[in-house]
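Visitor: Next up, input-v3.pdb (PDB, C-alpha atoms).
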```pdb
ATOM      1  CA  MET A   1      29.659 141.637 178.060
ATOM      2  CA  HIS A   2      32.555 141.992 175.617
ATOM      3  CA  LEU A   3      33.520 144.918 173.413
ATOM      4  CA  GLU A   4      34.038 142.803 170.301
ATOM      5  CA  SER A   5      30.580 141.268 170.559
ATOM      6  CA  ILE A   6      29.023 144.738 170.899
ATOM      7  CA  ILE A   7      30.944 146.000 167.854
ATOM      8  CA  GLN A   8      29.763 143.036 165.806
ATOM      9  CA  GLN A   9      26.202 143.509 167.034
ATOM     10  CA  VAL A  10      26.221 147.118 165.810
ATOM     11  CA  LEU A  11      27.770 146.117 162.478
ATOM     12  CA  ASP A  12      25.027 143.502 162.082
ATOM     13  CA  GLY A  13      22.384 146.211 162.519
ATOM     14  CA  THR A  14      21.209 145.590 166.076
ATOM     15  CA  PRO A  15      21.244 148.769 168.214
ATOM     16  CA  VAL A  16      23.027 148.815 171.550
ATOM     17  CA  ASP A  17      20.850 149.140 174.628
ATOM     18  CA  LYS A  18      21.517 151.365 177.606
ATOM     19  CA  GLU A  19      23.191 148.646 179.663
ATOM     20  CA  GLN A  20      25.649 148.030 176.860
ATOM     21  CA  ALA A  21      26.249 151.769 176.413
ATOM     22  CA  LEU A  22      27.067 152.121 180.119
ATOM     23  CA  PHE A  23      29.439 149.161 179.802
ATOM     24  CA  LEU A  24      31.317 151.095 177.106
ATOM     25  CA  VAL A  25      32.203 153.705 179.746
ATOM     26  CA  THR A  26      34.409 151.065 181.437
ATOM     27  CA  VAL A  27      36.198 149.821 178.312
ATOM     28  CA  PRO A  28      39.838 150.880 177.718
ATOM     29  CA  LEU A  29      39.833 153.966 175.515
ATOM     30  CA  GLU A  30      41.923 152.865 172.531
ATOM     31  CA  PRO A  31      40.013 149.627 171.762
ATOM     32  CA  LEU A  32      36.761 151.548 172.251
ATOM     33  CA  CYS A  33      37.824 154.183 169.711
ATOM     34  CA  GLU A  34      39.106 151.585 167.255
ATOM     35  CA  GLY A  35      35.700 149.929 167.401
ATOM     36  CA  ALA A  36      33.986 153.270 166.844
ATOM     37  CA  GLU A  37      36.107 153.817 163.744
ATOM     38  CA  LYS A  38      35.226 150.366 162.438
ATOM     39  CA  ILE A  39      31.532 151.217 162.858
ATOM     40  CA  ARG A  40      31.983 154.631 161.239
ATOM     41  CA  ARG A  41      33.728 153.189 158.185
ATOM     42  CA  HIS A  42      31.112 150.449 157.835
ATOM     43  CA  PHE A  43      28.090 152.758 157.906
ATOM     44  CA  CYS A  44      29.482 156.072 156.624
ATOM     45  CA  GLY A  45      32.633 155.283 154.696
ATOM     46  CA  ASN A  46      35.212 158.087 154.597
ATOM     47  CA  VAL A  47      32.788 160.832 153.573
ATOM     48  CA  PHE A  48      33.227 163.895 155.803
ATOM     49  CA  ASP A  49      30.647 166.665 156.207
ATOM     50  CA  VAL A  50      31.790 170.251 156.787
ATOM     51  CA  CYS A  51      29.550 173.215 157.492
ATOM     52  CA  ALA A  52      30.119 176.886 158.200
ATOM     53  CA  ILE A  53      27.848 179.177 160.192
ATOM     54  CA  VAL A  54      27.084 182.867 160.383
ATOM     55  CA  ASN A  55      26.067 184.497 163.655
ATOM     56  CA  ALA A  56      23.267 186.428 161.990
ATOM     57  CA  ARG A  57      21.783 188.010 165.128
ATOM     58  CA  SER A  58      23.879 188.265 168.264
ATOM     59  CA  GLY A  59      23.135 188.795 171.943
ATOM     60  CA  ARG A  60      20.151 190.014 173.973
ATOM     61  CA  CYS A  61      18.677 186.528 174.156
ATOM     62  CA  PRO A  62      15.807 186.277 176.684
ATOM     63  CA  GLU A  63      16.623 182.656 177.530
ATOM     64  CA  ASP A  64      18.832 181.803 180.529
ATOM     65  CA  CYS A  65      20.930 178.886 179.202
ATOM     66  CA  LYS A  66      23.844 178.891 181.636
ATOM     67  CA  PHE A  67      26.529 178.128 179.046
ATOM     68  CA  CYS A  68      25.582 180.916 176.645
ATOM     69  CA  ALA A  69      27.346 184.259 176.356
ATOM     70  CA  GLN A  70      24.407 185.684 174.408
ATOM     71  CA  SER A  71      21.896 185.483 177.275
ATOM     72  CA  VAL A  72      20.589 188.804 178.576
ATOM     73  CA  TYR A  73      20.890 187.373 182.086
ATOM     74  CA  TYR A  74      24.695 187.480 182.050
ATOM     75  CA  VAL A  75      27.330 190.184 181.580
ATOM     76  CA  THR A  76      29.728 188.851 178.978
ATOM     77  CA  PRO A  77      32.080 190.277 176.343
ATOM     78  CA  VAL A  78      29.830 189.141 173.490
ATOM     79  CA  GLN A  79      29.076 191.612 170.704
ATOM     80  CA  GLU A  80      25.393 192.506 170.314
ATOM     81  CA  TYR A  81      23.731 193.372 166.997
ATOM     82  CA  PRO A  82      20.374 192.905 165.203
ATOM     83  CA  LEU A  83      19.832 190.687 162.186
ATOM     84  CA  LEU A  84      22.600 191.245 159.660
ATOM     85  CA  SER A  85      21.784 192.640 156.248
ATOM     86  CA  GLU A  86      20.978 190.373 153.350
ATOM     87  CA  GLU A  87      24.188 191.376 151.586
ATOM     88  CA  LYS A  88      26.422 190.592 154.586
ATOM     89  CA  ILE A  89      24.964 187.118 154.981
ATOM     90  CA  LEU A  90      25.059 186.489 151.237
ATOM     91  CA  GLU A  91      28.709 187.469 151.139
ATOM     92  CA  GLN A  92      29.488 184.956 153.915
ATOM     93  CA  ALA A  93      27.629 182.302 151.930
ATOM     94  CA  ARG A  94      29.575 183.148 148.768
ATOM     95  CA  LEU A  95      32.883 182.880 150.633
ATOM     96  CA  CYS A  96      31.785 179.527 152.003
ATOM     97  CA  ALA A  97      30.887 178.245 148.534
ATOM     98  CA  ARG A  98      34.141 179.498 147.004
ATOM     99  CA  ALA A  99      36.136 177.771 149.733
ATOM    100  CA  GLY A 100      34.591 174.441 148.861
ATOM    101  CA  ILE A 101      32.299 174.086 151.882
ATOM    102  CA  HIS A 102      28.920 172.673 150.895
ATOM    103  CA  ARG A 103      26.750 173.491 153.931
ATOM    104  CA  PHE A 104      25.946 176.929 155.358
ATOM    105  CA  SER A 105      23.870 177.705 158.448
ATOM    106  CA  ILE A 106      22.139 180.926 159.486
ATOM    107  CA  VAL A 107      22.097 181.151 163.294
ATOM    108  CA  ILE A 108      20.303 183.743 165.399
ATOM    109  CA  SER A 109      20.180 184.381 169.129
ATOM    110  CA  GLY A 110      16.844 184.326 170.914
ATOM    111  CA  ARG A 111      13.941 182.041 171.644
ATOM    112  CA  SER A 112      12.402 182.460 168.198
ATOM    113  CA  VAL A 113      12.112 184.847 165.266
ATOM    114  CA  GLU A 114       9.573 187.612 164.623
ATOM    115  CA  SER A 115       7.495 187.742 161.450
ATOM    116  CA  LYS A 116       9.383 190.605 159.772
ATOM    117  CA  GLU A 117      12.726 188.973 160.537
ATOM    118  CA  LEU A 118      11.448 185.656 159.213
ATOM    119  CA  GLU A 119      10.503 187.372 155.953
ATOM    120  CA  ARG A 120      14.038 188.751 155.673
ATOM    121  CA  ILE A 121      15.570 185.369 156.486
ATOM    122  CA  CYS A 122      13.409 183.680 153.844
ATOM    123  CA  LYS A 123      14.565 186.266 151.308
ATOM    124  CA  ILE A 124      18.175 185.578 152.283
ATOM    125  CA  ILE A 125      17.660 181.819 151.883
ATOM    126  CA  ARG A 126      16.238 182.365 148.405
ATOM    127  CA  GLY A 127      19.212 184.551 147.540
ATOM    128  CA  ILE A 128      21.719 181.936 148.711
ATOM    129  CA  LYS A 129      19.920 179.242 146.755
ATOM    130  CA  LYS A 130      19.877 181.421 143.641
ATOM    131  CA  GLU A 131      23.557 182.371 143.775
ATOM    132  CA  THR A 132      25.150 179.186 145.117
ATOM    133  CA  GLU A 133      24.663 175.431 145.337
ATOM    134  CA  LEU A 134      24.958 175.477 149.126
ATOM    135  CA  TYR A 135      22.879 173.234 151.349
ATOM    136  CA  VAL A 136      21.244 175.820 153.643
ATOM    137  CA  CYS A 137      20.493 175.249 157.326
ATOM    138  CA  ALA A 138      19.084 177.543 160.006
ATOM    139  CA  SER A 139      19.037 177.688 163.797
ATOM    140  CA  LEU A 140      16.101 179.917 164.679
ATOM    141  CA  GLY A 141      14.868 178.647 168.034
ATOM    142  CA  ILE A 142      11.446 177.200 168.804
ATOM    143  CA  LEU A 143       9.203 177.760 165.804
ATOM    144  CA  GLU A 144       5.535 177.307 164.902
ATOM    145  CA  GLU A 145       3.877 175.574 161.957
ATOM    146  CA  SER A 146       3.443 178.721 159.854
ATOM    147  CA  GLN A 147       7.115 179.609 160.314
ATOM    148  CA  TYR A 148       8.290 176.151 159.266
ATOM    149  CA  ARG A 149       5.984 176.362 156.249
ATOM    150  CA  SER A 150       7.508 179.697 155.176
ATOM    151  CA  LEU A 151      11.043 178.382 155.560
ATOM    152  CA  ARG A 152      10.212 175.269 153.566
ATOM    153  CA  GLU A 153       8.766 177.358 150.759
ATOM    154  CA  ALA A 154      11.909 179.528 150.779
ATOM    155  CA  GLY A 155      14.062 176.456 150.144
ATOM    156  CA  LEU A 156      15.619 175.835 153.565
ATOM    157  CA  ASP A 157      17.076 172.329 153.762
ATOM    158  CA  ARG A 158      17.719 171.685 157.446
ATOM    159  CA  ILE A 159      16.675 172.935 160.875
ATOM    160  CA  HIS A 160      19.109 173.013 163.784
ATOM    161  CA  ASN A 161      17.898 172.786 167.386
ATOM    162  CA  ASN A 162      20.223 171.379 170.033
ATOM    163  CA  LEU A 163      18.812 169.333 172.893
ATOM    164  CA  GLU A 164      21.940 170.441 174.843
ATOM    165  CA  THR A 165      21.841 167.615 177.404
ATOM    166  CA  ALA A 166      19.691 164.840 178.858
ATOM    167  CA  PRO A 167      16.093 165.322 180.032
ATOM    168  CA  ARG A 168      17.142 164.825 183.667
ATOM    169  CA  PHE A 169      19.850 167.476 183.601
ATOM    170  CA  PHE A 170      18.202 170.066 181.352
ATOM    171  CA  PRO A 171      16.371 171.938 184.182
ATOM    172  CA  PHE A 172      19.765 172.629 185.767
ATOM    173  CA  VAL A 173      20.926 174.244 182.509
ATOM    174  CA  CYS A 174      17.917 176.330 181.476
ATOM    175  CA  SER A 175      14.673 177.415 183.154
ATOM    176  CA  THR A 176      13.068 179.631 180.492
ATOM    177  CA  HIS A 177      12.054 176.812 178.162
ATOM    178  CA  THR A 178      11.651 173.076 178.579
ATOM    179  CA  TYR A 179      13.087 169.942 177.068
ATOM    180  CA  GLU A 180       9.617 169.015 175.845
ATOM    181  CA  GLU A 181       9.383 172.291 173.911
ATOM    182  CA  LYS A 182      12.623 171.465 172.124
ATOM    183  CA  VAL A 183      11.568 167.914 171.315
ATOM    184  CA  ASN A 184       8.179 169.092 170.065
ATOM    185  CA  ALA A 185       9.830 171.729 167.868
ATOM    186  CA  ILE A 186      12.107 169.071 166.363
ATOM    187  CA  ARG A 187       9.225 166.737 165.647
ATOM    188  CA  LEU A 188       7.242 169.565 164.069
ATOM    189  CA  ALA A 189      10.178 170.429 161.798
ATOM    190  CA  GLN A 190      10.395 166.800 160.753
ATOM    191  CA  ARG A 191       6.687 166.771 159.915
ATOM    192  CA  PHE A 192       7.365 169.618 157.483
ATOM    193  CA  GLY A 193      10.010 167.517 155.764
ATOM    194  CA  PHE A 194      13.137 169.071 157.266
ATOM    195  CA  SER A 195      16.127 167.037 158.225
ATOM    196  CA  VAL A 196      17.175 168.102 161.714
ATOM    197  CA  CYS A 197      20.583 168.749 163.216
ATOM    198  CA  SER A 198      20.578 168.337 167.003
ATOM    199  CA  GLY A 199      23.159 167.516 169.632
ATOM    200  CA  GLY A 200      24.527 168.814 172.870
ATOM    201  CA  ILE A 201      27.273 170.335 174.923
ATOM    202  CA  PHE A 202      29.553 168.513 177.348
ATOM    203  CA  GLY A 203      31.215 169.779 180.493
ATOM    204  CA  LEU A 204      28.185 171.441 182.074
ATOM    205  CA  GLY A 205      28.294 169.161 185.106
ATOM    206  CA  GLU A 206      26.313 166.333 183.550
ATOM    207  CA  THR A 207      27.150 162.679 184.187
ATOM    208  CA  MET A 208      28.237 160.159 181.584
ATOM    209  CA  GLU A 209      24.826 158.547 181.979
ATOM    210  CA  ASP A 210      23.223 161.901 181.102
ATOM    211  CA  ARG A 211      25.291 162.009 177.917
ATOM    212  CA  ILE A 212      24.223 158.508 177.010
ATOM    213  CA  ASP A 213      20.581 159.337 177.734
ATOM    214  CA  MET A 214      20.778 162.289 175.337
ATOM    215  CA  ALA A 215      22.211 160.031 172.638
ATOM    216  CA  PHE A 216      19.270 157.669 173.036
ATOM    217  CA  VAL A 217      16.792 160.563 172.729
ATOM    218  CA  LEU A 218      18.548 161.612 169.510
ATOM    219  CA  ARG A 219      18.320 158.042 168.232
ATOM    220  CA  GLU A 220      14.615 157.889 169.042
ATOM    221  CA  LEU A 221      14.105 161.153 167.113
ATOM    222  CA  GLY A 222      16.007 159.807 164.107
ATOM    223  CA  ILE A 223      18.639 162.563 164.151
ATOM    224  CA  LEU A 224      21.493 161.962 161.715
ATOM    225  CA  SER A 225      23.472 165.199 162.177
ATOM    226  CA  VAL A 226      24.704 165.497 165.756
ATOM    227  CA  PRO A 227      26.841 168.448 166.914
ATOM    228  CA  LEU A 228      29.113 167.526 169.804
ATOM    229  CA  ASN A 229      30.192 170.671 171.660
ATOM    230  CA  LEU A 230      32.915 170.881 174.280
ATOM    231  CA  LEU A 231      32.105 173.606 176.807
ATOM    232  CA  ASP A 232      34.360 176.615 176.352
ATOM    233  CA  PRO A 233      33.747 178.421 179.676
ATOM    234  CA  ILE A 234      33.027 182.082 178.952
ATOM    235  CA  SER A 235      33.570 184.846 181.495
ATOM    236  CA  GLY A 236      30.321 186.133 182.951
ATOM    237  CA  THR A 237      28.300 182.953 182.464
ATOM    238  CA  PRO A 238      27.395 180.661 185.397
ATOM    239  CA  TYR A 239      29.724 178.031 183.927
ATOM    240  CA  GLU A 240      32.746 180.330 183.615
ATOM    241  CA  LYS A 241      34.712 178.292 186.181
ATOM    242  CA  ASN A 242      33.739 174.848 184.922
ATOM    243  CA  PRO A 243      36.828 172.776 184.146
ATOM    244  CA  VAL A 244      37.245 171.874 180.496
ATOM    245  CA  LEU A 245      36.806 168.152 179.931
ATOM    246  CA  SER A 246      39.987 166.225 179.253
ATOM    247  CA  GLU A 247      40.665 165.241 175.666
ATOM    248  CA  LYS A 248      40.459 161.570 176.631
ATOM    249  CA  GLU A 249      37.002 162.028 178.135
ATOM    250  CA  PHE A 250      35.780 163.902 175.086
ATOM    251  CA  ARG A 251      37.128 161.142 172.820
ATOM    252  CA  ARG A 252      35.225 158.592 174.896
ATOM    253  CA  ILE A 253      32.008 160.581 174.492
ATOM    254  CA  VAL A 254      32.513 160.749 170.719
ATOM    255  CA  ALA A 255      33.206 157.020 170.493
ATOM    256  CA  ILE A 256      30.199 156.012 172.601
ATOM    257  CA  PHE A 257      27.943 158.231 170.495
ATOM    258  CA  ARG A 258      29.162 156.345 167.419
ATOM    259  CA  TYR A 259      28.082 153.024 168.961
ATOM    260  CA  ILE A 260      24.632 154.443 169.778
ATOM    261  CA  LEU A 261      24.236 156.417 166.524
ATOM    262  CA  PRO A 262      26.150 154.337 163.971
ATOM    263  CA  GLN A 263      24.825 156.091 160.864
ATOM    264  CA  ALA A 264      24.975 159.690 162.098
ATOM    265  CA  TYR A 265      27.325 162.487 161.150
ATOM    266  CA  LEU A 266      28.949 163.211 164.516
ATOM    267  CA  ARG A 267      29.934 166.862 164.162
ATOM    268  CA  LEU A 268      32.680 168.390 166.326
ATOM    269  CA  ALA A 269      31.431 171.900 166.954
ATOM    270  CA  GLY A 270      32.039 174.431 169.742
ATOM    271  CA  GLY A 271      35.198 174.030 171.797
ATOM    272  CA  ARG A 272      37.196 172.163 169.150
ATOM    273  CA  ARG A 273      39.919 174.798 169.259
ATOM    274  CA  LEU A 274      40.548 173.784 172.891
ATOM    275  CA  LEU A 275      41.759 170.376 171.726
ATOM    276  CA  SER A 276      45.519 170.219 171.279
ATOM    277  CA  ASP A 277      45.184 168.479 167.903
ATOM    278  CA  LYS A 278      42.102 170.474 166.763
ATOM    279  CA  GLY A 279      40.041 167.297 166.881
ATOM    280  CA  ALA A 280      42.215 164.885 164.903
ATOM    281  CA  ALA A 281      42.043 162.167 167.588
ATOM    282  CA  CYS A 282      38.254 162.477 167.726
ATOM    283  CA  PHE A 283      38.142 162.119 163.932
ATOM    284  CA  ARG A 284      39.927 158.802 164.516
ATOM    285  CA  SER A 285      37.373 157.872 167.195
ATOM    286  CA  GLY A 286      34.120 157.937 165.256
ATOM    287  CA  ALA A 287      33.538 161.622 164.427
ATOM    288  CA  ASN A 288      33.006 162.423 160.745
ATOM    289  CA  ALA A 289      31.783 166.025 160.539
ATOM    290  CA  THR A 290      32.637 169.465 161.882
ATOM    291  CA  ILE A 291      31.905 173.162 161.841
ATOM    292  CA  SER A 292      34.792 174.990 160.220
ATOM    293  CA  GLY A 293      35.643 178.655 160.608
ATOM    294  CA  ASN A 294      34.448 180.923 163.401
ATOM    295  CA  LEU A 295      31.585 179.911 165.674
ATOM    296  CA  LEU A 296      28.958 182.084 167.385
ATOM    297  CA  THR A 297      30.877 183.833 170.166
ATOM    298  CA  THR A 298      34.239 182.046 169.990
ATOM    299  CA  SER A 299      36.870 181.723 167.302
ATOM    300  CA  GLY A 300      37.154 178.564 165.273
ATOM    301  CA  ILE A 301      39.636 176.951 162.909
ATOM    302  CA  PRO A 302      40.139 178.185 159.318
ATOM    303  CA  PHE A 303      38.842 175.789 156.679
ATOM    304  CA  VAL A 304      42.194 175.701 154.908
ATOM    305  CA  GLU A 305      43.703 174.142 158.049
ATOM    306  CA  ASP A 306      40.803 171.748 158.484
ATOM    307  CA  ARG A 307      40.968 170.639 154.853
ATOM    308  CA  ARG A 308      44.668 169.839 155.168
ATOM    309  CA  MET A 309      44.122 167.821 158.363
ATOM    310  CA  LEU A 310      41.108 165.931 157.026
ATOM    311  CA  HIS A 311      42.887 164.963 153.821
ATOM    312  CA  GLU A 312      45.799 163.669 155.879
ATOM    313  CA  LEU A 313      43.325 161.576 157.882
ATOM    314  CA  GLY A 314      41.985 160.045 154.660
ATOM    315  CA  PHE A 315      38.554 161.672 154.576
ATOM    316  CA  GLN A 316      36.716 162.655 151.406
ATOM    317  CA  LEU A 317      35.307 166.215 151.441
TER     318      LEU A 317
END
```
As C-alpha cells - that is how I would like this structure written.
Guide:
Amino acid sequence: MHLESIIQQVLDGTPVDKEQALFLVTVPLEPLCEGAEKIRRHFCGNVFDVCAIVNARSGRCPEDCKFCAQSVYYVTPVQEYPLLSEEKILEQARLCARAGIHRFSIVISGRSVESKELERICKIIRGIKKETELYVCASLGILEESQYRSLREAGLDRIHNNLETAPRFFPFVCSTHTYEEKVNAIRLAQRFGFSVCSGGIFGLGETMEDRIDMAFVLRELGILSVPLNLLDPISGTPYEKNPVLSEKEFRRIVAIFRYILPQAYLRLAGGRRLLSDKGAACFRSGANATISGNLLTTSGIPFVEDRRMLHELGFQL
C-alpha cells in the first residue's frame, strides 16, 4: 500500500476500506496531513463552517458518561441550572448573528427532554427563526417520533447526537444508555428530514482502531457534520487523570477522518483551547469547521480570534 495511491483513490471517489485506514496510522504525519488537505480542498473547497452553542440546561444529568462534568454521578465544579429563559437564549442567538456566525445550537444536559420543556424549546426556535437568519441546531438527547415531529414543525434544521466512540469501547464509557439507542435516534432524526451532527471524543482510553471504527459508523450513517473533541479532563469525573492526547496524535486523528469522510465538515469542538495553536495545525490537516466561543462546561475561544486565524489560513467564512 502507498499513501499517494490511497489519496488518488479517495479523490477518484472510491472510499478507503478499514485495512487502508489502519495503514494510514503508520504513515509519516506530514505527508498524511498534506494528503488530507488535498482531499479537503477537492471535496469542500475553502468554505469553513462555524457554529456557536448555548448550554441551555446544565447539570443533574442522569446518565453516567465518564467524561462529562454534568453527570449526577460525579462531584464536579459545573454550574447547575434549569432550562434558560426564552429571552436569555434569544439574546445569545442575536449576539451570534451579529458576530457573523451562521449556525447556533441549543444544548441541554440529560437523557432527553420533557414535554413542557420541548414546548418552550420549540417556541425559542421559532423566535430565533423569526428574528435572525441563523441555521438552528439542537442537542436534546435521545428523542421519540412525536418530539422530532414537533421540532421539525418549529423550524429546527439539525439534530446533534454524538456517538462518542466506537461500538466496542462505548460500554466502558457509559452504562445508562447503549450505542444502539444512539444510532437508532440518529436514524429516526434522519427519517424526519433532519441533517445530523455526530462525532466523538478522543483521549478516553480508546485505541486508534476504535477511532477508525467510529469514523466508519459515521460514514455508514451518512453524517456530514462531525465534531472532533479532545478530552479536557475535568476534576471529579472518572477521566480526570487521563493524559491529554499529544497535538501530533490529534492531528493524525483529524487527517485519518478526512480520508474516511472526504466530504464531511470535520468540526474541532471541545478541548481545542488545549492546543497550543488553537487548532491551526488541524485546520491544515483536513479540519474545516469548529465551535467558536464558550462550550458547555469549559471555556472556548472568542470568535474574533477564530475569524482572524481562519482568514489567515485562507478559509472563507
Visitor: Evaluating the PyMOL selection byres ((chain A and resi 95-103) around 9) on the displayed file yields which residues, as a list in words?
Guide: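 With the shown file as input, the PyMOL selection byres ((chain A and resi 95-103) around 9) matches Asp49, Val50, Cys51, Ala52, Ile53, Leu90, Glu91, Gln92, Ala93, Arg94, Phe104, Ser105, Thr132, Glu133, Leu134, Tyr135, Val136, Cys137, Ser292, Phe303, Val304 and Leu317 of chain A.
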Visitor: Go through range 247-298 of chain A residue by residue and, counting all atoms listed in the file, keep those with an atom at most 7 Å from range 24-48 of chain A; for each kept residue give the shortest atom pair and its distance in Å to one decimal, ordered by chain and increasing number, as a tab-separated table.
Guide:
```
residue	atom	partner	partner_atom	distance
A:Arg252	CA	A:Leu29	CA	6.6
A:Ala255	CA	A:Ala36	CA	5.3
A:Ile256	CA	A:Leu24	CA	6.8
A:Arg258	CA	A:Ala36	CA	5.7
A:Tyr259	CA	A:Ala36	CA	6.3
A:Pro262	CA	A:Ile39	CA	6.3
A:Gln263	CA	A:Phe43	CA	5.5
A:Arg284	CA	A:Glu37	CA	6.3
A:Ser285	CA	A:Cys33	CA	4.5
A:Gly286	CA	A:Glu37	CA	4.8
A:Asn288	CA	A:Phe48	CA	5.2
A:Ala289	CA	A:Phe48	CA	5.4
```
Visitor: Could you check which of A:Glu63, A:Glu144, A:Asp213, A:Glu80 is closest to Gly110 in chain A, using all atoms listed in the file?
Guide: A:Glu63
Visitor: Would you mind telling me which residue in A:Ile106, A:Leu221, A:Val78, A:Ala185 lies nearest to Cys122 in chain A when using only C-alpha atoms?
Guide: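 Checking each of A:Ile106, A:Leu221, A:Val78, A:Ala185 against Cys122 in chain A, counting only C-alpha atoms, the winner is A:Ile106.
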Visitor: Using the chain letters and residue numbers of this document, give as a ChimeraX atom specification the residues selected by the PyMOL selection byres ((chain A and resi 166) around 12).
Guide: /A:162-165,167-174,178-180,182-183,199-202,204-218
Visitor: Rank nothing, just name the residue among A:Glu145, A:Glu249, A:Asp64, A:Glu240 nearest to Arg187 in chain A, using all atoms listed in the file.
Guide: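 Among the listed residues, the smallest separation from Arg187 in chain A belongs to A:Glu145.
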Visitor: Can you measure CA of Ala264 in chain A to CA of Met309 in chain A for me? One decimal in Å is fine.
Guide: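 According to the coordinates, CA of Ala264 in chain A and CA of Met309 in chain A are separated by 21.1 Å.
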Visitor: The centre and edge lengths of an axis-aligned box containing all atoms of range 117-134 of chain A present in the file, extended by 6 Å on each side, are to be given in Å to one decimal, as JSON.
Guide:
```
{"center_x": 17.8, "center_y": 182.2, "center_z": 152.1, "size_x": 26.6, "size_y": 25.5, "size_z": 28.9}
```
Visitor: State, in Å with one decimal place, the distance from CA of Lys130 in chain A to CA of Gly293 in chain A.
Guide: 23.3 Å
Visitor: Ranking A:Arg57, A:Lys248, A:His311, A:Lys66 by minimum distance to Leu84 in chain A and counting all atoms listed in the file, which one comes first?
Guide: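 With all atoms listed in the file as the atom set, the closest residue is A:Arg57.
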Visitor: Quick one: pull the distance between CA of Glu312 in chain A and CA of Leu228 in chain A, Å, one decimal.
Guide: 22.1 Å
